[in-house]
Every structure is written in C-alpha cells, then in structure tokens.
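Only one structure is covered here, and it is reproduced in the block below.
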Amino acid sequence: MNTWFSFFRRDVLAGAAFLILVVVALAAAAGPWLTPYDPVAVDLASNYQPSSLQHPLGTDHLGRDTLSRLITGARVSLGIALASTAAGLVAGTTIGLVAAWRRGLAERLLLQVVDILLALPELLLAITAITVLGRGTMATVVAVAIYAVPSFARIVRAAALPVVGSEFVLAARASGASVVRLLVRHVLPGCLSPMLAHTSVMLGSAILLASGLSFLGLGVQPPDAEWGAMLSRGRELLRTAPLGAIAPGVAITATVLSFSVLGDGLRDAADPRRMRR
Amino acid sequence: MAPAARLIGQAVLRLAPVLAAISLLVFSIVHVIPGDPAVIAAGLEASPATVERIRRDLGLDRPLPVQYGRFVLRALRGDLGMSIRTGVPVGREVLDRLPHTAILAAGGVALAVGLGLLAGLCAALSRHVLVDRLLTAGSLLAASTPSYWLALMLMLVFAVTLGWLPAIGVGTPLHYVLPCLALGLQSAGAVARMTRATVRDVLGQDFLRAARAKGVPEWRVLLRHGLRNALLPVLTLVGLRIGGLLAGTVLVESVFAVPGVGRMMVDAVVARDFPVVQGGVLVVAAMVVVVNGLTDVAARALDPRVRG
C-alpha cells in the first residue's frame, strides 16, 4: 500500500488517471443504485431532448435517459474489457512462457502465429471472429481476447527469456521441479511487472475496440447500454441533443486515456531506464 | 539493381507465409460456422435439389484441401465468389467500393504525415518544455479518442454548427475532408512524437556540427542533413500504420455514410453474407500485409546500415 502511495506521489499523472478509473469503476459497480431512470425504459414522447434538470444529458432517439445509460454502460464496457483482457492474458502468457521455454520448432511456430496475428489490424481480426460467432456481447469478448493474445505472448516471452536462462531456474530444475511448477513459480514472477503495465494499456485498447464494434452494430446489441453502441445513432443527436453524442465519447476517451497513462507510469516505475525525461 | 531485386525477393519470401495464413483463415470462415456451407449459400428456403446443385457448383463436395486450393487459385484470378444476398460477384463489388476506402486511407495518411512532420519538427526545434508537454499530451489524447467519435465531433463542429463542409455521403472532394481528418489525426500524434524524437537525436550528431562548421546555411542543415536522416523511422512508423488506417476506415465510413469496403463488410456480417465478408477481409488484409512489406523494403533500401 505504501509503495503504491509513493508511486502516485512521484507520478502525479498516473495518480490522476487512477482516480478517474476509480470513479468509472464505482459507476460500474454501483450502477443500478445511481441511475436516475431505467436505462432501457422507452419514452417516445420525450425523445431527442436537450439537457434539462430532469435529464442532465438529455434523451436519445427512444427517449431513454442518456445519463442513466452512460452509468449503466460503464459496467458493460468495463466488464467486456476485463473479461477479454483476462482471457487474452492467460492465453498469451501461456504461449509466451512456452515459447521462452521450448526453444526450436515449437517456439518458431508459436512466434510465427503471433506475428501473423500482430500483422492483421485488430478490426479485421474482430470482424472475422464475429462473422463466425455471430453478433453479440460474448462474440465481442472473444474477438477482443483474440486481439489481446499476441501482444501478451510477445511481452511475456521477452521478459521470460532472461529468467529461463538464470541459475536459480537451473537449480530448481536440477532439484526436480516439474515444468509447470518451474514456469509458474520461478519464471512467471519475473515477468509480472511488464505484464501489469501492459494489462493496463490493454484494458484501454480493449475498451476502444469493443466500443468500436458495438458502434458498428456488431458488438453489444440493443437495447443494452454500451458506450460505443450509444453513439451508433449519434449522428441523429447532433442537431437537437448534441450532449447525447458528446458524453459517451468523453467517457470512452477519459477511461482509455487513464488506462494508458497508468500503464505508462507503471512501466516507467518498473524500469528506471525508461523514466520520463 | 541487384540489391533491390534481392530485397524484394526477401520481402516476398517473408510475406508468402503470412498471405497463406490469411487466405487459410478467410477460407475457413465458411467451414467453421455452424451449419452446412451449401445450405447457407443456397438460402434456408432452397429445395434439397437446389442445395445439391449448389454444392456441386461450388465444389463443396470435394475434399477440403482441394477446396482450399481452388479458393486460392480463384482469388488470385480475382474471382471471390458471389454475394448470397445480391448475386453480384464479390470481386466487382470490392472493386467498385475500393476507391472510396483508398481515398480515405490515402488522405488520412497524407494528413498524418503532413501535420505530424510539421508539429514534430517545430517541437524538436523549440527548446520550450511547454511545447514538448503539449505534443505528448496531444498525441496521447489522440490515441485514446475513438475515431468514430472524433468523426461525430468534427461533423458537429464543421458540418452542423459552422456549415462549412458537407456532413455525409460522397460526391465532391469536400466530402472527404472530415473523414480523412478523423482518420489521420490519430496517427498524426504518433508521427509528431516520432519526428520530434528522431530529429532531436540527429541534431546532436557530429555530422550536423560539421555541416554547420563548413558554413552550410541553417535551413539547409535542418532540411538536408537533419530531417532527411530523421525521416527513416518516421517512414517505417507510417508504413506500419497504413494497415490500421485502412481497417480504421470501417468505423469512419459508417459515420459519414461512405460506400466503401468497410461499410460493405459490416453490412455483410449483419446480413450473414459470408462470401462478401470473406472477399472484403481477404482484400484488405492482403493490402495491409503488402504495404507493410513494401515499407520494409523501402526502409532497407534507404538505409545503408540495414541494407547489409
């Protein structure tokens, strides 16, 4: 706890980013108790309303309260990002560890697959995955997880390579530790700090990709509130209730920015050579 | 000319497995989805006889490796199959729509390079800390902003509020200004940061001091010796980003109702028109991979140190 406190005192930007993320996380956790209206309640008589005391951020094309949908959307967007990043982390870490451990053909094959996945733009990969799986929240989680796998694999392998060759790993191996135990207990701890930094950055990228897919109508399906999906009819809001189109984008940008600032801060703190000039 | 030929040969060798993997990925879409590909192609209401005819016509009764081989050979000839929904050849559909997407991507790249170089050069030359901070903050902000939301905001300001530019559709060159801005601004930040870093790096080198010492005018020192040597990493960065920009048009085309390849793919996913999705993904992915390969060749050709 103390080290975290001193980290945020040294890196004020990362501290501010962390505070923003706490607010978003609170909105996600306490969503249903915070929303002034039912986020899916249709009220066609009062659609496209500008900001007012009753509806601080106005209403959308079906008369739903934008503020309530924004708060509910925090849970959906953050949930998708957490689930997909966790899945990508587990799969990518496994690939990275195996590639660092088994040199030779296995490593070359794994790295070739990782490189091909990295060479493809994330949107193309996601569209391919969603074509196979069909649209929806689950398909979005899988698509974003696939996008997260190769970068985790690369980072974990790079961090694990020097550890695998170190003497304490050799000692553990000599004393008869199994490969799994060796990798999880001895090699993995040495990779944790770059993994932590990349997890933060990846959570931001996951939100960006997932909201983009929902914006296109391929991700979270109506009537569920999601920040990207709220913008999919944003064009119609511009003339009468522009706040409805502005607010979800601000929420996405602030959250993504916070995740990447926090990730950069964590990376710099873990590696003194990369301290900001 | 021999080294150039060798470079290209190396690039082709490196690209071939990637392109093969992409074609395999795209080919397997129809075979991985639940359901019989022949039924999907014929439509759910088709009679069993029609389904069998289509199975034979499309070669779906052949072993999978044979089917894959035919798929690749046909794709190389530009035959990407027929749209299930409209019956139009996918290849023609892609060709019709590709110009819009290409204009958006090219405009986005041009904007990113122009703005990025200018801002990066200014930041490198200014000794002010504030300029540095602003640039870093700006590029970080740009990277975190969803392009489709930026597109909406540009539309709100320049089309709805000010009325300077058309909001949606295509037709005049003016229609492409806002979409290209929405696409390019994100990469402009990255280009600016890279330019600043490399120019500053080069400015400290001995050969610049030597050039100044022998009396080369300052502007010439900066452009001929400074910028030229700083450009290589920027070129590599831009080349790698063109892929993302090409795919990123999917989102921007949606906002501005541009009838490009991206919009076509999204509509096809929704309508479950698989050949169209396959064709779109194959063409865009191949373009991305080839552009990345060309960047690599160009970077090696321009840099005597990597030419080796």
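Residues in the structure tokens are named by chain (A, B, ... in the order shown) and by number from 1 within that chain; ligands are numbered from 1 in the order shown.
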
inquiry  = Within 9 Å of chain A, which residues belong to chain B? Use only C-alpha atoms and report them as a ChimeraX atom specification.
reply    = /B:17-19,21-22,25-26,29-30,32-34,140-150,152-153,155-156,160-161,240,243-248,250-251,254-256,265-266,268-270,272,274,277-278,281,284-285,288-289,292

task = Would you mind listing what lies within 10 Å of Ala211 of chain B as a list in words, with only C-alpha atoms counted and same-chain residues fewer than 4 positions away left out?
result = Asp206, Phe207, Gly215, Val216, Pro217, Glu218, Arg220, Val221 and His225 of chain B

Expected file: the selected residues, C-alpha atoms, as a PDB file, in the first residue's frame:
```
ATOM      1  CA  ASP B 206      28.635  15.319 -35.093  1.00  0.00           C
ATOM      2  CA  PHE B 207      27.918  15.427 -38.819  1.00  0.00           C
ATOM      3  CA  GLY B 215      29.191  27.078 -43.483  1.00  0.00           C
ATOM      4  CA  VAL B 216      26.077  25.329 -44.771  1.00  0.00           C
ATOM      5  CA  PRO B 217      23.081  27.642 -44.225  1.00  0.00           C
ATOM      6  CA  GLU B 218      20.973  26.732 -41.191  1.00  0.00           C
ATOM      7  CA  ARG B 220      19.801  23.558 -45.347  1.00  0.00           C
ATOM      8  CA  VAL B 221      21.410  21.935 -42.337  1.00  0.00           C
ATOM      9  CA  HIS B 225      21.003  16.814 -43.042  1.00  0.00           C
TER      10      HIS B 225
END
```

query = Leaving out Gly116 of chain B and any residue of its chain fewer than 6 positions from it, which residues lie within 6 Å of it when counting only C-alpha atoms, given as an NGL selection string?
reply = :B and (188 or 191-192)

Could you write those residues out with N, CA and C atoms, as a PDB file, in the first residue's frame?
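What landed in selection.pdb:
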```pdb
ATOM      1  N   ALA B 188      -1.361  11.291 -36.698  1.00  0.00           N
ATOM      2  CA  ALA B 188      -0.545  12.500 -36.707  1.00  0.00           C
ATOM      3  C   ALA B 188       0.182  12.652 -35.375  1.00  0.00           C
ATOM      4  N   VAL B 191       3.114  10.274 -35.378  1.00  0.00           N
ATOM      5  CA  VAL B 191       4.157  10.740 -36.294  1.00  0.00           C
ATOM      6  C   VAL B 191       4.899  11.924 -35.678  1.00  0.00           C
ATOM      7  N   ALA B 192       4.158  12.839 -35.060  1.00  0.00           N
ATOM      8  CA  ALA B 192       4.784  14.025 -34.463  1.00  0.00           C
ATOM      9  C   ALA B 192       5.765  13.630 -33.362  1.00  0.00           C
TER      10      ALA B 192
END
```

request  = Find the spatial neighbours of Gly81 of chain B, counting only C-alpha atoms, within a cut-off of 7 Å - ignore same-chain residues fewer than 4 positions away - and output them as a PyMOL selection string.
outcome  = chain B and resi 89-90+275

task = Excluding segment 164-181 of chain B and residues on its chain fewer than 5 positions from it, collect all residues at most 6 Å away from it, counting only C-alpha atoms, and give them as a ChimeraX atom specification.
result = /B:104,107-108,155,158-159,256-258

With C-alpha atoms retained, could you export that selection as a PDB file, in the first residue's frame?
```pdb
ATOM      1  CA  LEU B 104      -9.962   7.927 -47.202  1.00  0.00           C
ATOM      2  CA  GLY B 107      -5.993  11.248 -47.344  1.00  0.00           C
ATOM      3  CA  GLY B 108      -5.631  10.109 -43.755  1.00  0.00           C
ATOM      4  CA  MET B 155     -19.291  16.713 -38.016  1.00  0.00           C
ATOM      5  CA  PHE B 158     -17.775  21.821 -39.126  1.00  0.00           C
ATOM      6  CA  ALA B 159     -20.959  20.494 -40.706  1.00  0.00           C
ATOM      7  CA  PHE B 256     -20.093   9.577 -42.865  1.00  0.00           C
ATOM      8  CA  ALA B 257     -22.125   7.029 -44.858  1.00  0.00           C
ATOM      9  CA  VAL B 258     -19.259   6.474 -47.300  1.00  0.00           C
TER      10      VAL B 258
END
```

inquiry  = Could you check the closest approach to Ala247 of chain A for each of A:Leu105, A:Val24, A:Ala158, A:Leu57 and tell me which residue wins, using only C-alpha atoms?
reply    = A:Leu57

task = Write out as a VMD selection string which residues come within 9 Å of segment 118-128 of chain B when counting only C-alpha atoms, dropping same-chain ones fewer than 4 positions away.
result = chain B and resid 113 to 114 132 135 188 to 189 191 to 200 203 227

Would you write out those residues with N, CA and C atoms, as a JSON list (two decimals), in the first residue's frame?
```json
[["chain", "number", "residue", "atom", "x", "y", "z"],
["B", 113, "VAL", "N", 0.99, 12.47, -42.06],
["B", 113, "VAL", "CA", 2.39, 12.77, -42.34],
["B", 113, "VAL", "C", 2.62, 14.28, -42.33],
["B", 114, "GLY", "N", 1.76, 15.02, -43.04],
["B", 114, "GLY", "CA", 1.94, 16.47, -43.12],
["B", 114, "GLY", "C", 1.88, 17.13, -41.76],
["B", 132, "ASP", "N", 6.82, 20.65, -25.71],
["B", 132, "ASP", "CA", 7.00, 19.20, -25.55],
["B", 132, "ASP", "C", 5.82, 18.56, -24.86],
["B", 135, "LEU", "N", 2.68, 18.49, -26.95],
["B", 135, "LEU", "CA", 2.74, 17.49, -28.01],
["B", 135, "LEU", "C", 2.49, 16.09, -27.44],
["B", 188, "ALA", "N", -1.36, 11.29, -36.70],
["B", 188, "ALA", "CA", -0.55, 12.50, -36.71],
["B", 188, "ALA", "C", 0.18, 12.65, -35.38],
["B", 189, "GLY", "N", -0.49, 12.35, -34.29],
["B", 189, "GLY", "CA", 0.13, 12.45, -32.98],
["B", 189, "GLY", "C", 1.35, 11.55, -32.87],
["B", 191, "VAL", "N", 3.11, 10.27, -35.38],
["B", 191, "VAL", "CA", 4.16, 10.74, -36.29],
["B", 191, "VAL", "C", 4.90, 11.92, -35.68],
["B", 192, "ALA", "N", 4.16, 12.84, -35.06],
["B", 192, "ALA", "CA", 4.78, 14.02, -34.46],
["B", 192, "ALA", "C", 5.77, 13.63, -33.36],
["B", 193, "ARG", "N", 5.36, 12.69, -32.53],
["B", 193, "ARG", "CA", 6.26, 12.29, -31.43],
["B", 193, "ARG", "C", 7.52, 11.64, -31.96],
["B", 194, "MET", "N", 7.31, 10.76, -32.98],
["B", 194, "MET", "CA", 8.47, 10.08, -33.55],
["B", 194, "MET", "C", 9.40, 11.09, -34.21],
["B", 195, "THR", "N", 8.83, 12.06, -34.99],
["B", 195, "THR", "CA", 9.65, 13.07, -35.66],
["B", 195, "THR", "C", 10.45, 13.86, -34.63],
["B", 196, "ARG", "N", 9.77, 14.28, -33.57],
["B", 196, "ARG", "CA", 10.47, 15.08, -32.56],
["B", 196, "ARG", "C", 11.66, 14.29, -32.00],
["B", 197, "ALA", "N", 11.41, 13.04, -31.65],
["B", 197, "ALA", "CA", 12.47, 12.24, -31.03],
["B", 197, "ALA", "C", 13.65, 12.05, -31.98],
["B", 198, "THR", "N", 13.36, 11.68, -33.25],
["B", 198, "THR", "CA", 14.47, 11.39, -34.16],
["B", 198, "THR", "C", 15.21, 12.66, -34.57],
["B", 199, "VAL", "N", 14.44, 13.75, -34.84],
["B", 199, "VAL", "CA", 15.11, 15.00, -35.23],
["B", 199, "VAL", "C", 16.03, 15.46, -34.11],
["B", 200, "ARG", "N", 15.53, 15.38, -32.88],
["B", 200, "ARG", "CA", 16.35, 15.82, -31.76],
["B", 200, "ARG", "C", 17.61, 14.95, -31.64],
["B", 203, "LEU", "N", 19.98, 16.05, -34.36],
["B", 203, "LEU", "CA", 20.53, 17.40, -34.14],
["B", 203, "LEU", "C", 21.77, 17.35, -33.27],
["B", 227, "LEU", "N", 16.45, 16.62, -41.19],
["B", 227, "LEU", "CA", 15.17, 15.97, -41.44],
["B", 227, "LEU", "C", 15.36, 14.68, -42.24]]
```

inquiry  = Show me, as a list of chain:residue names, the residues that have an atom within 8 Å of segment 75-91 of chain A when counting only C-alpha atoms, minus same-chain residues fewer than 5 positions from it.
reply    = A:Ala25, A:Ala27, A:Ala28, A:Ala29, A:Gly31, A:Thr137, A:Thr140, A:Val141, A:Val142, A:Val144, A:Ala145, A:Ile146, A:Tyr147, A:Ala148, A:Val149, A:Phe152, A:Ala153, A:Thr199, A:Met202, A:Leu203, A:Gly204, A:Ala206, A:Ile207, A:Ala210, A:Ser211, A:Ala225, A:Glu226, A:Trp227
